[in-house]
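**Q** This is protein_22.txt, which holds compact mmCIF, C-alpha atoms and all ligand atoms:
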```txt
# COMPACT_ATOMS: atom_id res chain seq x y z
CA MET Q 29 -14.76 30.98 115.38
CA GLU Q 30 -11.53 30.07 113.63
CA ALA Q 31 -9.54 31.96 111.08
CA ALA Q 32 -7.01 30.62 108.63
CA VAL Q 33 -4.09 32.97 108.09
CA ALA Q 34 -1.43 32.59 105.43
CA LEU Q 35 1.72 34.31 106.59
CA THR Q 36 4.63 35.30 104.43
CA GLY Q 37 8.21 34.74 105.51
CA ASP Q 38 8.41 38.43 106.37
CA ALA Q 39 5.52 38.33 108.74
CA ARG Q 40 6.49 35.13 110.52
CA GLY Q 41 8.33 35.63 113.72
CA ARG Q 42 9.54 39.11 113.01
CA ALA Q 43 8.72 41.86 115.51
CA ALA Q 44 7.48 44.73 113.39
CA SER Q 45 7.84 47.26 116.18
CA GLN Q 46 10.87 47.22 118.41
CA PRO Q 47 10.60 48.50 122.00
CA GLY Q 48 11.56 52.14 122.14
CA ASP Q 49 11.28 52.90 118.45
CA GLY Q 50 7.93 54.57 118.93
CA GLY Q 51 6.40 52.37 116.34
CA GLU Q 52 6.09 55.30 113.93
CA LYS Q 53 8.33 53.64 111.25
CA THR Q 54 6.25 50.50 111.15
CA PRO Q 55 4.64 50.14 107.77
CA PRO Q 56 0.90 49.83 108.36
CA GLU Q 57 0.58 46.62 106.31
CA ARG Q 58 3.08 44.65 108.41
CA LYS Q 59 1.84 41.86 110.60
CA VAL Q 60 3.33 40.70 113.90
CA TYR Q 61 2.93 37.04 114.68
CA MET Q 62 2.54 36.40 118.37
CA ASP Q 63 0.88 33.06 118.32
CA TYR Q 64 3.85 30.77 118.84
CA ASN Q 65 1.82 28.72 121.26
CA ALA Q 66 -0.49 27.88 118.39
CA THR Q 67 2.31 26.77 116.06
CA THR Q 68 5.80 27.62 114.91
CA PRO Q 69 7.33 27.85 111.44
CA LEU Q 70 9.86 25.25 110.24
CA GLU Q 71 13.52 26.14 110.57
CA PRO Q 72 15.34 26.06 107.20
CA GLU Q 73 17.46 23.06 108.35
CA VAL Q 74 14.29 21.20 109.21
CA ILE Q 75 12.83 21.91 105.78
CA GLN Q 76 16.04 20.56 104.25
CA VAL Q 77 15.89 17.30 106.23
CA VAL Q 78 12.20 16.81 105.50
CA THR Q 79 12.84 17.37 101.80
CA GLU Q 80 15.71 14.88 101.81
CA ALA Q 81 13.62 12.30 103.65
CA MET Q 82 10.80 12.73 101.13
CA ARG Q 83 13.25 12.16 98.30
CA GLU Q 84 15.39 9.34 99.80
CA ALA Q 85 13.30 7.61 102.46
CA TRP Q 86 10.02 7.31 100.60
CA GLY Q 87 9.49 3.59 101.38
CA ASN Q 88 6.84 2.53 103.87
CA PRO Q 89 8.76 1.51 107.02
CA SER Q 90 6.06 -1.03 107.89
CA SER Q 91 6.26 -2.81 104.53
CA PRO Q 92 7.59 -6.38 104.66
CA TYR Q 93 10.48 -5.77 102.26
CA PRO Q 94 13.66 -4.14 103.59
CA ALA Q 95 14.15 -0.71 101.98
CA ALA Q 96 15.64 1.73 105.21
CA VAL Q 97 18.21 -1.95 105.87
CA THR Q 98 20.16 -4.59 103.65
CA PHE Q 99 20.25 -8.11 105.07
CA VAL Q 100 23.25 -10.21 104.12
CA PRO Q 101 22.82 -14.01 104.02
CA VAL Q 102 25.18 -16.51 105.59
CA SER Q 103 27.21 -18.96 103.54
CA LYS Q 104 25.81 -22.46 103.24
CA VAL Q 105 29.40 -23.76 103.26
CA SER Q 106 30.78 -22.01 106.35
CA GLY Q 107 27.63 -21.00 108.25
CA GLN Q 108 29.25 -17.57 108.52
CA VAL Q 109 28.47 -14.27 106.92
CA GLU Q 110 31.07 -13.64 104.21
CA VAL Q 111 33.16 -10.47 104.53
CA GLU Q 112 32.96 -9.87 100.77
CA ASP Q 113 29.16 -10.03 100.90
CA ILE Q 114 29.10 -7.38 103.63
CA LEU Q 115 31.33 -5.07 101.60
CA ALA Q 116 29.25 -5.63 98.47
CA ALA Q 117 26.11 -4.63 100.38
CA VAL Q 118 27.55 -1.26 101.46
CA ARG Q 119 25.78 1.69 99.81
CA PRO Q 120 26.73 5.38 99.80
CA ALA Q 121 24.30 6.12 102.64
CA THR Q 122 25.38 3.13 104.77
CA CYS Q 123 26.31 4.24 108.28
CA LEU Q 124 26.24 1.00 110.31
CA VAL Q 125 27.18 -2.64 109.85
CA THR Q 126 25.87 -4.95 112.56
CA VAL Q 127 26.71 -8.65 112.80
CA MET Q 128 26.33 -10.98 115.78
CA LEU Q 129 29.61 -12.34 117.13
CA ALA Q 130 28.32 -15.89 117.69
CA ASN Q 131 25.09 -17.31 116.40
CA ASN Q 132 22.72 -18.37 119.16
CA GLU Q 133 21.54 -21.58 117.43
CA THR Q 134 24.63 -22.92 115.69
CA GLY Q 135 27.31 -21.24 117.80
CA VAL Q 136 29.12 -20.27 114.59
CA ILE Q 137 31.61 -17.44 115.16
CA MET Q 138 31.33 -14.59 112.67
CA PRO Q 139 34.47 -12.93 111.20
CA ILE Q 140 33.99 -9.66 113.08
CA ALA Q 141 37.67 -8.63 113.31
CA GLU Q 142 38.06 -8.95 109.56
CA ILE Q 143 34.82 -7.08 108.90
CA SER Q 144 35.97 -4.21 111.17
CA GLN Q 145 39.35 -4.00 109.43
CA ARG Q 146 37.85 -3.95 105.96
CA ILE Q 147 35.24 -1.36 106.94
CA LYS Q 148 37.94 0.87 108.45
CA ALA Q 149 39.92 0.71 105.19
CA LEU Q 150 36.73 1.50 103.27
CA ASN Q 151 36.02 4.44 105.58
CA ARG Q 152 39.34 6.03 104.60
CA LYS Q 153 38.30 5.96 100.93
CA ARG Q 154 34.78 7.14 101.71
CA ALA Q 155 36.06 10.13 103.71
CA ALA Q 156 37.78 11.42 100.55
CA SER Q 157 34.41 11.38 98.76
CA GLY Q 158 32.56 12.99 101.66
CA LEU Q 159 30.54 9.86 102.42
CA PRO Q 160 29.45 9.08 106.00
CA VAL Q 161 31.68 6.94 108.18
CA ILE Q 162 30.45 3.37 108.67
CA LEU Q 163 30.38 2.17 112.28
CA VAL Q 164 30.56 -1.51 113.23
CA HIS Q 165 28.38 -3.10 115.92
CA THR Q 166 28.49 -6.65 117.17
CA ASP Q 167 26.09 -8.45 119.47
CA ALA Q 168 28.36 -10.48 121.74
CA ALA Q 169 25.49 -11.85 123.86
CA GLN Q 170 26.28 -15.48 123.08
CA ALA Q 171 30.05 -15.24 122.94
CA LEU Q 172 30.80 -13.52 126.22
CA GLY Q 173 31.56 -16.00 128.97
CA LYS Q 174 32.19 -18.83 126.49
CA ARG Q 175 35.27 -17.57 124.68
CA ARG Q 176 37.62 -14.61 124.74
CA VAL Q 177 35.91 -11.37 123.75
CA ASP Q 178 38.27 -8.44 123.27
CA VAL Q 179 36.94 -5.18 121.81
CA GLU Q 180 40.44 -4.16 120.72
CA ALA Q 181 41.01 -7.37 118.79
CA LEU Q 182 37.52 -7.19 117.31
CA GLY Q 183 37.99 -3.52 116.37
CA VAL Q 184 34.28 -2.74 116.73
CA ASP Q 185 32.71 0.59 117.61
CA PHE Q 186 29.80 -0.90 119.55
CA LEU Q 187 29.44 -4.23 121.38
CA THR Q 188 26.34 -5.52 123.16
CA ILE Q 189 26.55 -7.71 126.24
CA VAL Q 190 23.69 -9.51 127.97
CA GLY Q 191 24.23 -10.37 131.64
CA HIS Q 192 22.02 -13.43 131.95
CA LYS Q 193 23.97 -15.26 129.25
CA PHE Q 194 27.08 -15.32 131.41
CA TYR Q 195 25.74 -16.06 134.87
CA GLY Q 196 24.89 -12.43 135.58
CA PRO Q 197 21.64 -10.57 136.17
CA ARG Q 198 19.05 -9.95 133.47
CA ILE Q 199 20.40 -6.61 132.32
CA GLY Q 200 22.72 -5.69 129.50
CA ALA Q 201 25.24 -3.08 128.50
CA LEU Q 202 26.57 -1.43 125.37
CA TYR Q 203 30.28 -0.83 124.89
CA VAL Q 204 30.92 2.31 122.85
CA ARG Q 205 34.42 3.14 121.62
CA GLY Q 206 35.29 6.73 122.57
CA LEU Q 207 31.74 7.59 123.54
CA GLY Q 208 30.68 10.91 122.02
CA GLU Q 209 34.18 11.66 120.71
CA LEU Q 210 35.03 8.85 118.30
CA THR Q 211 31.60 7.27 118.17
CA PRO Q 212 28.24 9.01 118.25
CA LEU Q 213 25.45 7.61 120.38
CA TYR Q 214 21.90 8.92 120.57
CA PRO Q 215 19.46 8.17 123.36
CA MET Q 216 16.29 6.27 122.57
CA LEU Q 217 14.51 7.33 125.74
CA PHE Q 218 14.33 10.83 127.15
CA GLY Q 219 13.75 12.11 130.66
CA GLY Q 220 16.18 12.30 133.54
CA GLY Q 221 19.84 13.03 132.96
CA GLN Q 222 21.16 9.74 134.32
CA GLU Q 223 23.97 7.86 132.57
CA ARG Q 224 25.21 11.06 130.94
CA ASN Q 225 21.79 11.64 129.38
CA PHE Q 226 22.01 8.42 127.40
CA ARG Q 227 19.45 6.51 129.41
CA PRO Q 228 17.00 8.18 131.75
CA GLY Q 229 15.79 6.45 134.90
CA THR Q 230 17.32 5.71 138.26
CA GLU Q 231 20.27 3.36 137.93
CA ASN Q 232 19.52 -0.20 139.06
CA THR Q 233 22.54 -0.31 141.34
CA PRO Q 234 22.37 -3.94 142.58
CA MET Q 235 21.98 -5.27 139.05
CA ILE Q 236 24.81 -3.10 137.78
CA ALA Q 237 27.03 -4.40 140.58
CA GLY Q 238 26.01 -7.96 139.68
CA LEU Q 239 26.80 -7.41 136.01
CA GLY Q 240 30.21 -6.07 136.99
CA LYS Q 241 30.93 -9.10 139.17
CA ALA Q 242 29.81 -11.51 136.45
CA ALA Q 243 32.08 -9.76 133.95
CA GLU Q 244 34.97 -9.86 136.42
CA LEU Q 245 34.54 -13.62 136.85
CA VAL Q 246 34.58 -14.10 133.09
CA THR Q 247 37.70 -12.00 132.70
CA LYS Q 248 39.45 -14.06 135.37
CA ASN Q 249 38.23 -17.54 134.42
CA TRP Q 250 37.17 -17.59 130.77
CA GLU Q 251 39.85 -20.05 129.74
CA ALA Q 252 38.76 -22.58 132.37
CA TYR Q 253 35.09 -22.08 131.52
CA GLU Q 254 35.78 -22.53 127.83
CA ALA Q 255 37.90 -25.66 128.31
CA HIS Q 256 35.28 -27.27 130.54
CA MET Q 257 32.38 -26.53 128.23
CA ARG Q 258 34.30 -27.74 125.18
CA ASP Q 259 35.18 -31.00 126.91
CA VAL Q 260 31.56 -31.69 127.89
CA ARG Q 261 30.11 -30.61 124.52
CA ASP Q 262 32.61 -32.72 122.58
CA TYR Q 263 31.80 -35.67 124.83
CA LEU Q 264 28.09 -35.14 124.11
CA GLU Q 265 28.68 -35.23 120.35
CA GLU Q 266 30.88 -38.30 120.75
CA ARG Q 267 28.20 -40.12 122.78
CA LEU Q 268 25.42 -39.19 120.33
CA LEU Q 269 27.41 -40.61 117.44
CA ALA Q 270 28.23 -43.74 119.45
CA GLU Q 271 24.75 -44.44 120.85
CA PHE Q 272 22.73 -43.79 117.71
CA ASP Q 273 23.44 -45.10 114.27
CA LYS Q 274 26.03 -42.57 112.96
CA GLN Q 275 23.95 -42.05 109.82
CA ARG Q 276 20.99 -40.95 111.93
CA ILE Q 277 22.80 -38.12 113.71
CA HIS Q 278 23.37 -34.89 111.85
CA LEU Q 279 25.57 -32.36 113.64
CA ASN Q 280 24.09 -29.12 112.32
CA SER Q 281 26.71 -26.69 113.52
CA ARG Q 282 29.89 -28.35 112.32
CA PHE Q 283 31.15 -26.48 109.30
CA PRO Q 284 34.66 -27.47 108.20
CA GLY Q 285 37.17 -24.76 109.06
CA THR Q 286 34.64 -22.62 110.96
CA GLU Q 287 35.04 -21.82 114.65
CA ARG Q 288 32.03 -22.25 116.88
CA LEU Q 289 31.11 -21.71 120.52
CA PRO Q 290 32.54 -24.37 122.84
CA ASN Q 291 29.22 -25.12 124.52
CA THR Q 292 26.69 -25.44 121.73
CA CYS Q 293 25.61 -28.66 120.06
CA ASN Q 294 22.90 -28.37 117.43
CA PHE Q 295 21.96 -31.77 116.07
CA SER Q 296 19.13 -33.73 114.51
CA ILE Q 297 18.19 -37.37 114.83
CA ARG Q 298 16.81 -38.32 111.43
CA GLY Q 299 13.38 -39.91 111.32
CA PRO Q 300 9.87 -38.93 110.27
CA GLN Q 301 8.49 -38.97 113.82
CA LEU Q 302 11.38 -37.14 115.44
CA GLN Q 303 10.63 -33.46 114.99
CA GLY Q 304 12.55 -31.43 117.54
CA ARG Q 305 9.60 -30.32 119.63
CA VAL Q 306 8.00 -33.76 119.58
CA LEU Q 307 11.20 -35.41 120.71
CA LEU Q 308 11.83 -32.90 123.48
CA ALA Q 309 8.30 -33.39 124.76
CA GLN Q 310 9.05 -37.12 125.14
CA CYS Q 311 12.23 -36.54 127.12
CA ARG Q 312 12.02 -37.07 130.87
CA THR Q 313 15.41 -35.76 131.90
CA LEU Q 314 16.57 -33.37 129.22
CA LEU Q 315 15.52 -29.72 129.34
CA ALA Q 316 16.62 -28.02 126.14
CA SER Q 317 15.22 -26.15 123.18
CA VAL Q 318 14.91 -26.43 119.45
CA GLY Q 319 16.37 -22.99 118.82
CA ALA Q 320 16.20 -19.41 120.02
CA ALA Q 321 13.75 -18.77 122.85
CA CYS Q 322 12.90 -15.41 121.28
CA HIS Q 323 11.51 -17.25 118.22
CA SER Q 324 9.60 -19.87 120.17
CA ASP Q 325 6.35 -18.46 118.73
CA GLN Q 326 7.25 -20.01 115.36
CA VAL Q 327 6.12 -23.40 116.54
CA ASP Q 328 6.04 -25.69 113.54
CA ARG Q 329 8.56 -24.17 111.22
CA PRO Q 330 12.14 -25.39 111.13
CA SER Q 331 14.69 -22.83 112.21
CA PRO Q 332 15.33 -20.20 109.50
CA VAL Q 333 18.88 -20.00 110.85
CA LEU Q 334 19.53 -23.66 110.05
CA LEU Q 335 17.81 -23.47 106.68
CA SER Q 336 19.89 -20.43 105.74
CA CYS Q 337 23.04 -22.38 106.68
CA GLY Q 338 22.09 -25.04 104.14
CA ILE Q 339 20.70 -27.67 106.52
CA PRO Q 340 18.05 -29.66 104.58
CA PHE Q 341 14.42 -29.06 105.59
CA ASP Q 342 13.81 -32.56 106.98
CA VAL Q 343 16.96 -32.38 109.08
CA ALA Q 344 16.31 -28.83 110.32
CA ARG Q 345 12.79 -29.84 111.37
CA ASN Q 346 14.27 -32.38 113.79
CA ALA Q 347 16.90 -30.06 115.25
CA LEU Q 348 17.63 -29.76 118.96
CA ARG Q 349 19.92 -27.15 120.48
CA LEU Q 350 21.75 -28.40 123.55
CA SER Q 351 23.96 -25.85 125.25
CA VAL Q 352 26.09 -26.86 128.21
CA GLY Q 353 27.19 -24.64 131.09
CA ARG Q 354 29.94 -24.27 133.64
CA SER Q 355 28.64 -27.04 135.84
CA THR Q 356 27.41 -29.58 133.29
CA THR Q 357 29.15 -32.91 133.76
CA ARG Q 358 29.95 -35.90 131.55
CA ALA Q 359 27.70 -37.99 133.81
CA GLU Q 360 24.81 -35.67 132.97
CA VAL Q 361 25.61 -36.10 129.29
CA ASP Q 362 25.29 -39.88 129.73
CA LEU Q 363 21.87 -39.43 131.35
CA VAL Q 364 20.68 -37.14 128.56
CA VAL Q 365 21.81 -39.46 125.79
CA GLN Q 366 19.97 -42.37 127.42
CA ASP Q 367 16.91 -40.15 127.83
CA LEU Q 368 17.02 -39.30 124.13
CA LYS Q 369 17.38 -42.97 123.19
CA GLN Q 370 14.32 -43.90 125.22
CA ALA Q 371 12.32 -40.98 123.85
CA VAL Q 372 13.18 -42.00 120.29
CA ALA Q 373 12.19 -45.61 121.03
CA ARG Q 374 8.83 -44.49 122.43
CA LEU Q 375 8.13 -42.30 119.40
CA GLU Q 376 9.14 -44.89 116.85
CA GLY Q 377 7.62 -47.91 118.52
CA PRO Q 378 8.83 -51.39 117.66
CA PRO Q 379 11.09 -51.61 114.56
CA GLY Q 380 8.19 -52.70 112.32
CA ALA Q 381 6.28 -49.50 113.09
CA ARG Q 382 9.09 -47.19 111.94
CA GLY Q 383 8.14 -44.71 109.24
CA ALA Q 384 4.49 -45.75 109.46
CA SER Q 385 3.37 -42.16 109.74
CA SER Q 386 5.65 -40.75 107.04
C1 LIG A 401 22.63 -13.22 120.13
C2 LIG A 401 21.60 -12.72 121.12
N1 LIG A 401 21.45 -11.41 121.29
C3 LIG A 401 20.56 -10.91 122.15
C4 LIG A 401 19.78 -11.75 122.90
C5 LIG A 401 18.73 -11.09 123.77
O1 LIG A 401 18.84 -11.28 125.05
P1 LIG A 401 17.65 -10.87 126.03
O2 LIG A 401 16.46 -10.51 125.19
O3 LIG A 401 17.40 -12.09 126.79
O4 LIG A 401 18.16 -9.74 126.79
C6 LIG A 401 19.91 -13.12 122.78
C7 LIG A 401 19.07 -14.05 123.59
O5 LIG A 401 19.02 -15.23 123.35
C8 LIG A 401 20.84 -13.63 121.87
O6 LIG A 401 21.02 -14.94 121.68
```
Can you present the structure in this file as structure tokens?
**A**
Amino acid sequence: MEAAVALTGDARGRAASQPGDGGEKTPPERKVYMDYNATTPLEPEVIQVVTEAMREAWGNPSSPYPAAVTFVPVSKVSGQVEVEDILAAVRPATCLVTVMLANNETGVIMPIAEISQRIKALNRKRAASGLPVILVHTDAAQALGKRRVDVEALGVDFLTIVGHKFYGPRIGALYVRGLGELTPLYPMLFGGGQERNFRPGTENTPMIAGLGKAAELVTKNWEAYEAHMRDVRDYLEERLLAEFDKQRIHLNSRFPGTERLPNTCNFSIRGPQLQGRVLLAQCRTLLASVGAACHSDQVDRPSPVLLSCGIPFDVARNALRLSVGRSTTRAEVDLVVQDLKQAVARLEGPPGARGASS
């Protein structure tokens, strides 16, 4: 049998008889709750937070529209997020701005140092009004190992690194400025006390050592890596423009005045039969992709990244992302360009057949 009991604040959690007081002063109507294993009352601070969440965070977190987050578009002129747009999107409750350092498809470098500086200046004004400090995070997964990455110059509070993007093992790390003192960090997983309680689980020592070695190599050699990759990538773009009719090649990641990664070449060969995936499937030498591997489920749609940068639909649909590495050579570029030429010829057939399927 079950009983429902409504308890007043007085009755909850208060011992009506103290040890040694004989119990004689206890008013007969008082109740003593000793069923804390069944449930516990809410602490006043908890009630406050719940009330605030009911008032402020009433949106459905699974709904498709972004309530709890504001997404800021990139400029169709520069391919970059605009600093002014970030600042305009800041709201009183904003506590984090996160922007990738280099885009994984175009290689475009985002103005992180300027964003950090402007947010710091804004934080000084917000502190006077009692508003929360805004922290800045950047995902440097694509930039590290390809160009100089300096947390001091970037001025960020958090920076993500991903080992397998810079010839290291498939683990990552998060840089936190002044961990726990200047910058708060909360664990997402709970259990053992490893890594100062931030991440439970036995440390994967060999992988951590490998990540350290990969980072050391980058610190020592990044200038040479960058120069080599830039040389080979620029040669690739030169050869593409020379071997195909210039009008047919669209270099999707060249935005005037915008810096980009030294190793990334995103381009399209115009033509109704030359969709990126179709063309890659015809290649016999080239192994590359049409965009981010983590979005490879979106098979037939052109890259949203390219579309948001202003690349026309028909061009974006044909896009290929070629990214060169430390050991890619000019001779390999020559092979790839010939491979592409032959693949295009096979797809288009003899000149008279061109556009037949459009
Ligand atoms: C910018 C960026 N961040 C993060 C990742 C995620 O890396 P992973 O899921 O492979 O650890 C990638 C992978 O391509 C990336 O390009």
**Q** Would you list the contacts of region 102-117 of chain Q as a list in words, taking every protein, DNA or RNA residue within 7 Å and counting all atoms listed in the file, but skipping same-chain residues closer than 6 positions in sequence?
**A**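 So the residues in contact are Val136, Met138, Ile143, Phe283, Pro284, Thr286, Ser336, Cys337 and Gly338 of chain Q.
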**Q** Please find the residues contacting ligand LIG 401 (chain A) at a distance of at most 10 Å between atoms, with all atoms listed in the file counted, and report them as an NGL selection string.
**A** :Q and (127-133 or 135 or 166-171 or 188-193 or 198-201 or 319-323)
**Q** Just to confirm, what's the straight-line distance from CA of Leu315 (chain Q) to CA of Leu289 (chain Q) in Å (one decimal)?
**A**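 Atom-to-atom, CA of Leu315 (chain Q) to CA of Leu289 (chain Q), that is 19.6 Å.
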**Q** Could you state the separation of CA of Glu251 (chain Q) and CA of Lys174 (chain Q) in Å, given to one decimal place?
**A**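 Distance between the two atoms: 8.4 Å.
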**Q** Skipping near chain neighbours, those fewer than 6 positions away, what residues fall within 10 Å of Leu307 (chain Q) using only C-alpha atoms, listed as a PyMOL selection string?
**A** chain Q and resi 297+301+318+346-348+368+371-372+374-375
**Q** I'd like the contact shell of Arg276 (chain Q) - 9 Å cut-off, all atoms listed in the file, skipping same-chain residues fewer than 4 positions apart - returned as JSON, numbers by chain.
**A** {"Q": [269, 272, 296, 297, 298, 299]}
**Q** Calculated over all atoms listed in the file, which of the candidates Q:Arg288, Q:Arg345, Q:Arg224, Q:Lys274 has the smallest distance to Arg305 (chain Q)?
**A**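 Closest to Arg305 (chain Q), using all atoms listed in the file: Q:Arg345.
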**Q** Excluding Glu254 (chain Q) and its own-chain neighbours fewer than 5 positions away, which residues fall within 9 Å of it when counting all atoms listed in the file? Please give them as a list of chain:residue names.
**A** Q:Gly173, Q:Lys174, Q:Arg175, Q:Arg176, Q:Asn249, Q:Asp259, Q:Leu289, Q:Pro290, Q:Asn291, Q:Arg354
**Q** Rank Q:Gly221, Q:Gly158, Q:Pro234, Q:Pro139 by their smallest atom-to-atom distance to Gly196 (chain Q), using all atoms listed in the file, and report the top residue only.
**A**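 For Gly196 (chain Q), the nearest of the candidates is Q:Pro234.
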**Q** Have a look at CA of Leu182 (chain Q) and CA of Arg205 (chain Q) and let me know their distance in Å, one decimal.
**A**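 CA of Arg205 (chain Q) lies at a distance of 11.6 Å from CA of Leu182 (chain Q).
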**Q** Need the shell around Arg261 (chain Q): protein/DNA/RNA residues with any atom at most 9 Å away, counting only C-alpha atoms. Skip same-chain ones fewer than 4 positions apart. Format as a count of residues only?
**A** 13
**Q** So, counting all atoms listed in the file, which residue among Q:Ala270, Q:Ala81, Q:Ala344, Q:Ile277 is closest to Gly304 (chain Q)?
**A**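 Selected residue with least distance to Gly304 (chain Q): Q:Ala344.
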